[in-house]
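As stored in my_file-v3.cif (mmCIF, C-alpha atoms):
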data_my_file
#
loop_
_atom_site.group_PDB
_atom_site.id
_atom_site.type_symbol
_atom_site.label_atom_id
_atom_site.label_comp_id
_atom_site.auth_asym_id
_atom_site.auth_seq_id
_atom_site.Cartn_x
_atom_site.Cartn_y
_atom_site.Cartn_z
ATOM 1 C CA MET A 1183 -1.406 -25.948 4.235
ATOM 2 C CA HIS A 1184 -4.495 -24.486 2.600
ATOM 3 C CA ARG A 1185 -5.072 -20.799 3.368
ATOM 4 C CA LYS A 1186 -8.650 -19.774 3.888
ATOM 5 C CA ILE A 1187 -9.681 -16.343 2.705
ATOM 6 C CA TRP A 1188 -12.825 -15.428 4.544
ATOM 7 C CA SER A 1189 -13.702 -12.003 3.238
ATOM 8 C CA TRP A 1190 -12.351 -9.441 0.869
ATOM 9 C CA GLY A 1191 -12.561 -5.731 0.314
ATOM 10 C CA ALA A 1192 -9.734 -4.964 -2.082
ATOM 11 C CA LEU A 1193 -10.631 -1.868 -4.080
ATOM 12 C CA LEU A 1194 -9.439 -0.548 -7.395
ATOM 13 C CA GLY A 1195 -10.233 3.124 -7.696
ATOM 14 C CA VAL A 1196 -10.036 5.436 -10.690
ATOM 15 C CA VAL A 1197 -7.886 5.065 -13.763
ATOM 16 C CA ALA A 1198 -6.310 8.405 -14.596
ATOM 17 C CA LEU A 1199 -5.493 8.996 -18.254
ATOM 18 C CA ALA A 1200 -2.708 11.509 -18.765
ATOM 19 C CA THR A 1201 -1.036 12.830 -21.891
ATOM 20 C CA SER A 1202 1.929 14.931 -22.834
ATOM 21 C CA ALA A 1203 3.129 16.043 -26.240
ATOM 22 C CA MET A 1204 6.188 17.847 -27.528
ATOM 23 C CA VAL A 1205 7.762 18.755 -30.840
ATOM 24 C CA VAL A 1206 11.484 18.224 -31.388
ATOM 25 C CA ASP A 1207 13.349 19.893 -34.245
ATOM 26 C CA SER A 1208 16.694 18.216 -34.899
ATOM 27 C CA ASP A 1209 18.265 21.367 -36.338
ATOM 28 C CA THR A 1210 17.242 24.013 -33.833
ATOM 29 C CA VAL A 1211 15.543 24.420 -30.502
ATOM 30 C CA ASP A 1212 13.211 26.970 -32.067
ATOM 31 C CA VAL A 1213 10.000 25.275 -33.159
ATOM 32 C CA LEU A 1214 7.661 27.009 -35.582
ATOM 33 C CA PHE A 1215 4.096 25.754 -35.868
ATOM 34 C CA VAL A 1216 2.215 26.253 -39.094
ATOM 35 C CA GLN A 1217 -1.040 27.966 -38.237
ATOM 36 C CA GLY A 1218 -3.709 25.386 -37.520
ATOM 37 C CA ASP A 1219 -1.188 22.535 -37.228
ATOM 38 C CA ASP A 1220 -1.063 22.125 -33.465
ATOM 39 C CA PHE A 1221 0.347 18.951 -31.913
ATOM 40 C CA ASP A 1222 -1.624 17.225 -29.185
ATOM 41 C CA ILE A 1223 -2.757 13.834 -27.907
ATOM 42 C CA MET A 1224 -6.251 13.364 -26.454
ATOM 43 C CA VAL A 1225 -7.660 10.476 -24.430
ATOM 44 C CA ALA A 1226 -10.930 8.750 -23.583
ATOM 45 C CA GLY A 1227 -12.038 5.728 -21.595
ATOM 46 C CA SER A 1228 -14.991 3.540 -20.614
ATOM 47 C CA LEU A 1229 -15.916 0.485 -18.557
ATOM 48 C CA ASP A 1230 -18.000 -0.815 -21.467
ATOM 49 C CA PRO A 1231 -16.014 -3.633 -23.147
ATOM 50 C CA ALA A 1232 -17.687 -2.868 -26.491
ATOM 51 C CA TRP A 1233 -17.167 0.902 -26.270
ATOM 52 C CA ILE A 1234 -15.798 2.788 -29.272
ATOM 53 C CA PRO A 1235 -14.865 6.461 -28.799
ATOM 54 C CA GLY A 1236 -17.029 8.971 -30.627
ATOM 55 C CA PRO A 1237 -16.465 12.643 -31.465
ATOM 56 C CA ALA A 1238 -17.695 13.751 -28.022
ATOM 57 C CA SER A 1239 -15.551 11.236 -26.119
ATOM 58 C CA TRP A 1240 -12.201 12.984 -26.334
ATOM 59 C CA VAL A 1241 -10.728 15.029 -23.510
ATOM 60 C CA HIS A 1242 -7.372 16.580 -22.729
ATOM 61 C CA GLY A 1243 -5.346 14.627 -20.184
ATOM 62 C CA ASN A 1244 -2.765 17.347 -19.848
ATOM 63 C CA PRO A 1245 -2.024 19.043 -17.512
ATOM 64 C CA ASP A 1246 -4.787 17.477 -15.416
ATOM 65 C CA ALA A 1247 -5.390 13.757 -15.815
ATOM 66 C CA TYR A 1248 -8.796 12.552 -16.982
ATOM 67 C CA ASP A 1249 -10.421 10.104 -14.536
ATOM 68 C CA VAL A 1250 -12.436 7.034 -15.451
ATOM 69 C CA THR A 1251 -14.122 5.595 -12.367
ATOM 70 C CA LEU A 1252 -13.473 1.869 -12.047
ATOM 71 C CA GLY A 1253 -16.731 0.598 -10.633
ATOM 72 C CA ALA A 1254 -20.014 -0.969 -11.576
ATOM 73 C CA GLU A 1255 -23.313 0.826 -11.271
ATOM 74 C CA PRO A 1256 -23.728 1.636 -7.562
ATOM 75 C CA GLY A 1257 -26.160 -0.518 -5.633
ATOM 76 C CA PRO A 1258 -28.795 0.743 -3.179
ATOM 77 C CA GLY A 1259 -27.237 3.146 -0.727
ATOM 78 C CA ALA A 1260 -23.862 3.184 -2.483
ATOM 79 C CA ALA A 1261 -22.268 6.466 -3.390
ATOM 80 C CA PRO A 1262 -21.853 7.235 -7.108
ATOM 81 C CA GLY A 1263 -18.397 6.350 -8.330
ATOM 82 C CA HIS A 1264 -17.929 3.684 -5.667
ATOM 83 C CA PRO A 1265 -14.747 1.805 -6.619
ATOM 84 C CA GLN A 1266 -14.746 -1.759 -7.871
ATOM 85 C CA VAL A 1267 -14.167 -4.537 -5.319
ATOM 86 C CA ILE A 1268 -12.137 -7.505 -6.552
ATOM 87 C CA GLY A 1269 -10.857 -10.504 -4.624
ATOM 88 C CA PRO A 1270 -8.235 -13.222 -5.226
ATOM 89 C CA GLY A 1271 -8.593 -14.643 -8.721
ATOM 90 C CA GLY A 1272 -10.893 -11.779 -9.714
ATOM 91 C CA HIS A 1273 -10.420 -9.256 -12.467
ATOM 92 C CA LEU A 1274 -11.968 -6.274 -14.182
ATOM 93 C CA THR A 1275 -11.560 -4.885 -17.659
ATOM 94 C CA PHE A 1276 -11.918 -1.446 -19.166
ATOM 95 C CA ARG A 1277 -11.087 0.353 -22.390
ATOM 96 C CA VAL A 1278 -8.927 3.389 -22.977
ATOM 97 C CA ALA A 1279 -8.178 5.238 -26.177
ATOM 98 C CA ALA A 1280 -5.724 7.856 -27.378
ATOM 99 C CA ARG A 1281 -5.762 9.959 -30.518
ATOM 100 C CA ASN A 1282 -3.236 12.079 -32.351
ATOM 101 C CA THR A 1283 -5.292 15.220 -32.903
ATOM 102 C CA SER A 1284 -2.715 17.032 -35.005
ATOM 103 C CA PRO A 1285 -4.040 17.770 -38.496
ATOM 104 C CA GLY A 1286 -0.588 17.397 -40.054
ATOM 105 C CA LEU A 1287 2.069 16.072 -37.670
ATOM 106 C CA PRO A 1288 2.804 12.373 -37.032
ATOM 107 C CA ALA A 1289 3.417 11.254 -33.451
ATOM 108 C CA ARG A 1290 5.753 8.734 -31.883
ATOM 109 C CA VAL A 1291 3.827 7.507 -28.837
ATOM 110 C CA VAL A 1292 4.966 5.744 -25.655
ATOM 111 C CA LEU A 1293 2.593 4.237 -23.088
ATOM 112 C CA THR A 1294 3.525 3.983 -19.416
ATOM 113 C CA VAL A 1295 1.427 2.652 -16.524
ATOM 114 C CA SER A 1296 1.948 3.686 -12.926
ATOM 115 C CA ASP A 1297 0.365 4.220 -9.537
ATOM 116 C CA PRO A 1298 -0.466 7.945 -9.327
ATOM 117 C CA ASP A 1299 -0.730 7.839 -5.523
ATOM 118 C CA ASP A 1300 1.969 5.459 -4.317
ATOM 119 C CA ARG A 1301 1.388 4.507 -0.655
ATOM 120 C CA SER A 1302 3.490 1.353 -0.687
ATOM 121 C CA ASP A 1303 5.382 2.493 2.410
ATOM 122 C CA GLN A 1304 2.185 2.823 4.483
ATOM 123 C CA THR A 1305 0.224 0.351 6.592
ATOM 124 C CA ASP A 1306 -3.151 0.574 8.294
ATOM 125 C CA PRO A 1307 -2.513 1.863 11.836
ATOM 126 C CA VAL A 1308 -5.152 -0.469 13.300
ATOM 127 C CA THR A 1309 -4.619 -3.726 11.396
ATOM 128 C CA GLY A 1310 -0.998 -3.292 10.329
ATOM 129 C CA ARG A 1311 -1.917 -4.461 6.849
ATOM 130 C CA PRO A 1312 -0.683 -2.774 3.634
ATOM 131 C CA VAL A 1313 -2.979 -0.067 2.300
ATOM 132 C CA GLU A 1314 -1.610 -0.016 -1.265
ATOM 133 C CA LEU A 1315 -2.740 -2.724 -3.724
ATOM 134 C CA PHE A 1316 -0.769 -1.738 -6.845
ATOM 135 C CA SER A 1317 2.116 -4.176 -6.248
ATOM 136 C CA GLN A 1318 -0.311 -7.117 -6.270
ATOM 137 C CA LEU A 1319 -2.199 -6.149 -9.422
ATOM 138 C CA ARG A 1320 -1.455 -7.942 -12.674
ATOM 139 C CA PHE A 1321 -2.013 -6.281 -16.044
ATOM 140 C CA THR A 1322 -2.711 -7.499 -19.553
ATOM 141 C CA ILE A 1323 -3.184 -4.920 -22.319
ATOM 142 C CA VAL A 1324 -4.453 -5.851 -25.776
ATOM 143 C CA GLU A 1325 -4.864 -3.768 -28.921
ATOM 144 C CA ASP A 1326 -6.802 -5.197 -31.876
ATOM 145 C CA GLY A 1327 -6.116 -8.732 -30.668
ATOM 146 C CA GLU A 1328 -2.372 -8.108 -30.209
ATOM 147 C CA VAL A 1329 -1.065 -8.469 -26.652
ATOM 148 C CA ILE A 1330 1.244 -5.548 -25.871
ATOM 149 C CA VAL A 1331 1.480 -6.231 -22.114
ATOM 150 C CA GLU A 1332 1.092 -9.801 -20.892
ATOM 151 C CA ASP A 1333 0.350 -10.557 -17.242
ATOM 152 C CA LEU A 1334 2.844 -8.130 -15.687
ATOM 153 C CA ASP A 1335 2.596 -7.117 -12.039
ATOM 154 C CA GLY A 1336 2.275 -3.455 -11.174
ATOM 155 C CA PRO A 1337 5.928 -2.708 -10.297
ATOM 156 C CA ALA A 1338 7.268 -4.546 -13.357
ATOM 157 C CA LEU A 1339 4.853 -2.692 -15.611
ATOM 158 C CA ALA A 1340 5.659 0.674 -14.021
ATOM 159 C CA ALA A 1341 9.366 0.037 -14.665
ATOM 160 C CA SER A 1342 8.755 -0.586 -18.364
ATOM 161 C CA SER A 1343 7.045 1.145 -21.266
ATOM 162 C CA HIS A 1344 5.469 0.318 -24.613
ATOM 163 C CA GLU A 1345 6.450 2.320 -27.680
ATOM 164 C CA TRP A 1346 4.536 1.919 -30.909
ATOM 165 C CA THR A 1347 6.923 1.010 -33.729
ATOM 166 C CA ASP A 1348 5.133 3.120 -36.313
ATOM 167 C CA SER A 1349 4.332 6.789 -35.841
ATOM 168 C CA TRP A 1350 0.667 7.628 -35.417
ATOM 169 C CA ALA A 1351 -0.662 9.492 -38.407
ATOM 170 C CA PRO A 1352 -2.698 12.686 -37.925
ATOM 171 C CA ASP A 1353 -6.111 11.825 -36.447
ATOM 172 C CA GLU A 1354 -5.050 8.184 -35.830
ATOM 173 C CA VAL A 1355 -6.863 6.459 -32.927
ATOM 174 C CA HIS A 1356 -5.710 3.525 -30.794
ATOM 175 C CA VAL A 1357 -8.099 1.624 -28.504
ATOM 176 C CA LEU A 1358 -6.677 -0.599 -25.743
ATOM 177 C CA ASP A 1359 -8.400 -3.315 -23.711
ATOM 178 C CA VAL A 1360 -6.952 -3.368 -20.197
ATOM 179 C CA LYS A 1361 -7.440 -6.309 -17.835
ATOM 180 C CA VAL A 1362 -6.501 -5.889 -14.180
ATOM 181 C CA SER A 1363 -6.492 -9.005 -11.990
ATOM 182 C CA LEU A 1364 -5.424 -10.328 -8.606
ATOM 183 C CA PRO A 1365 -3.603 -13.654 -8.085
ATOM 184 C CA ALA A 1366 -5.835 -16.482 -6.876
ATOM 185 C CA ASP A 1367 -3.488 -17.248 -3.966
ATOM 186 C CA LEU A 1368 -3.386 -13.707 -2.565
ATOM 187 C CA ASP A 1369 -3.593 -13.856 1.236
ATOM 188 C CA ASN A 1370 -5.579 -11.939 3.819
ATOM 189 C CA GLN A 1371 -3.053 -9.186 4.490
ATOM 190 C CA TRP A 1372 -4.239 -7.406 1.342
ATOM 191 C CA GLN A 1373 -7.858 -7.100 2.453
ATOM 192 C CA ASP A 1374 -9.128 -3.533 2.176
ATOM 193 C CA ALA A 1375 -6.034 -2.382 0.256
ATOM 194 C CA THR A 1376 -6.788 0.062 -2.565
ATOM 195 C CA SER A 1377 -5.131 1.381 -5.681
ATOM 196 C CA ALA A 1378 -5.555 3.732 -8.574
ATOM 197 C CA VAL A 1379 -3.919 3.262 -11.967
ATOM 198 C CA GLN A 1380 -2.566 5.870 -14.370
ATOM 199 C CA LEU A 1381 -2.044 5.234 -18.074
ATOM 200 C CA ARG A 1382 0.084 7.935 -19.663
ATOM 201 C CA PHE A 1383 0.486 8.482 -23.389
ATOM 202 C CA GLU A 1384 3.563 10.554 -24.216
ATOM 203 C CA ALA A 1385 3.924 11.744 -27.790
ATOM 204 C CA GLN A 1386 6.777 13.311 -29.685
ATOM 205 C CA ASN A 1387 7.096 14.592 -33.220
ATOM 206 C CA ASP A 1388 10.505 15.044 -34.833
#
Rewritten as structure tokens:
Amino acid sequence: MHRKIWSWGALLGVVALATSAMVVDSDTVDVLFVQGDDFDIMVAGSLDPAWIPGPASWVHGNPDAYDVTLGAEPGPGAAPGHPQVIGPGGHLTFRVAARNTSPGLPARVVLTVSDPDDRSDQTDPVTGRPVELFSQLRFTIVEDGEVIVEDLDGPALAASSHEWTDSWAPDEVHVLDVKVSLPADLDNQWQDATSAVQLRFEAQND
């Protein structure tokens, strides 16, 4: 039986870029920094598919995440930052970047993706429909033409991680193309559900 989908209002809100960094010394728990050789990871992001981060792009995502609003230019009467609406079979793409800002320390970096505001146990009190869209989202992440995440749903992606095989050299930058889509056969119960997405870069030097 063919299911008709009459209208859609599924929203994808902000993508929050978070970072954390730590130094591990295998011989002692006391870590001594050489002056001027701090260890940190910074992030940036854009909805422009051709965007390349510049010197003014970088921000700290730790302790407070850096938000990139997922939405097109607002139309007449729409509030700035209005989230992107996508329906079954639809998708949106954005770019995120991370940089090892240490002047002398390499970084082993792990990427995780999660829902920063999990409401999967909630339903709309009027319609009874789910309010959280993350479980229905599918993700593909590409870096320089190499697919590092291929069409994973939200829960599967949140339960996994991607670790770069090689350490990032000081001042090394990585730019990721992220595609978020909804299955074409998604049914009406997900209308008006919303989600945010958090990409977290965790770095360690040892």
_Interatomic distance (Å, one decimal) between CA of Glu1384 in chain A and CA of Gly1243 in chain A_ =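 So the answer is 10.6 Å.
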_I need the output of the PyMOL selection byres ((chain A and resi 1353-1364) around 7) for this file as a PyMOL selection string; which residues are they?_
chain A and resi 1269-1285+1318-1325+1350-1352+1365-1366
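Straight-line separation from CA of Leu1199 in chain A to CA of Ala1338 in chain A: 19.2 Å.
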*Expressed in Å to a single decimal, how great is the separation between CA of Asp1297 in chain A and CA of Glu1328 in chain A?*
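Distance between the two atoms: 24.2 Å.
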*asked:* Residues near Arg1301 in chain A, anyone? I mean within 10 Å using all atoms listed in the file, not counting same-chain ones fewer than 5 positions away, as number ranges by chain.
replied: A: 1312-1316, 1376-1377
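If all atoms listed in the file are the atoms counted, then among A:Ser1317, A:Thr1201, A:Ser1342, A:Ser1296 the closest residue to Val1379 in chain A is A:Ser1296.
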*Once you count all atoms listed in the file, which residues end up no further than 10 Å from (-19.1, 5.5, -26.7) in the file's frame, shown as a PyMOL selection string?*
chain A and resi 1226-1228+1230+1232-1239
_Using all atoms listed in the file, list the residues that have an atom at most 10 Å from (-3.4, 16.8, -15.9), coordinates as in the file, as an MDAnalysis selection string._
chainID A and resid 1198:1202 1242:1249
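Each of A:Ala1203, A:Thr1347, A:Phe1383, A:Gly1336 was compared to Asp1300 in chain A using all atoms listed in the file, and A:Gly1336 turns out to be the nearest.
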_From A:Pro1265, A:Gly1195, A:Gly1286, A:Pro1337, residue lying nearest Ser1302 in chain A [only C-alpha atoms]_ =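 Checking each candidate against Ser1302 in chain A, we get A:Pro1337 as the closest.
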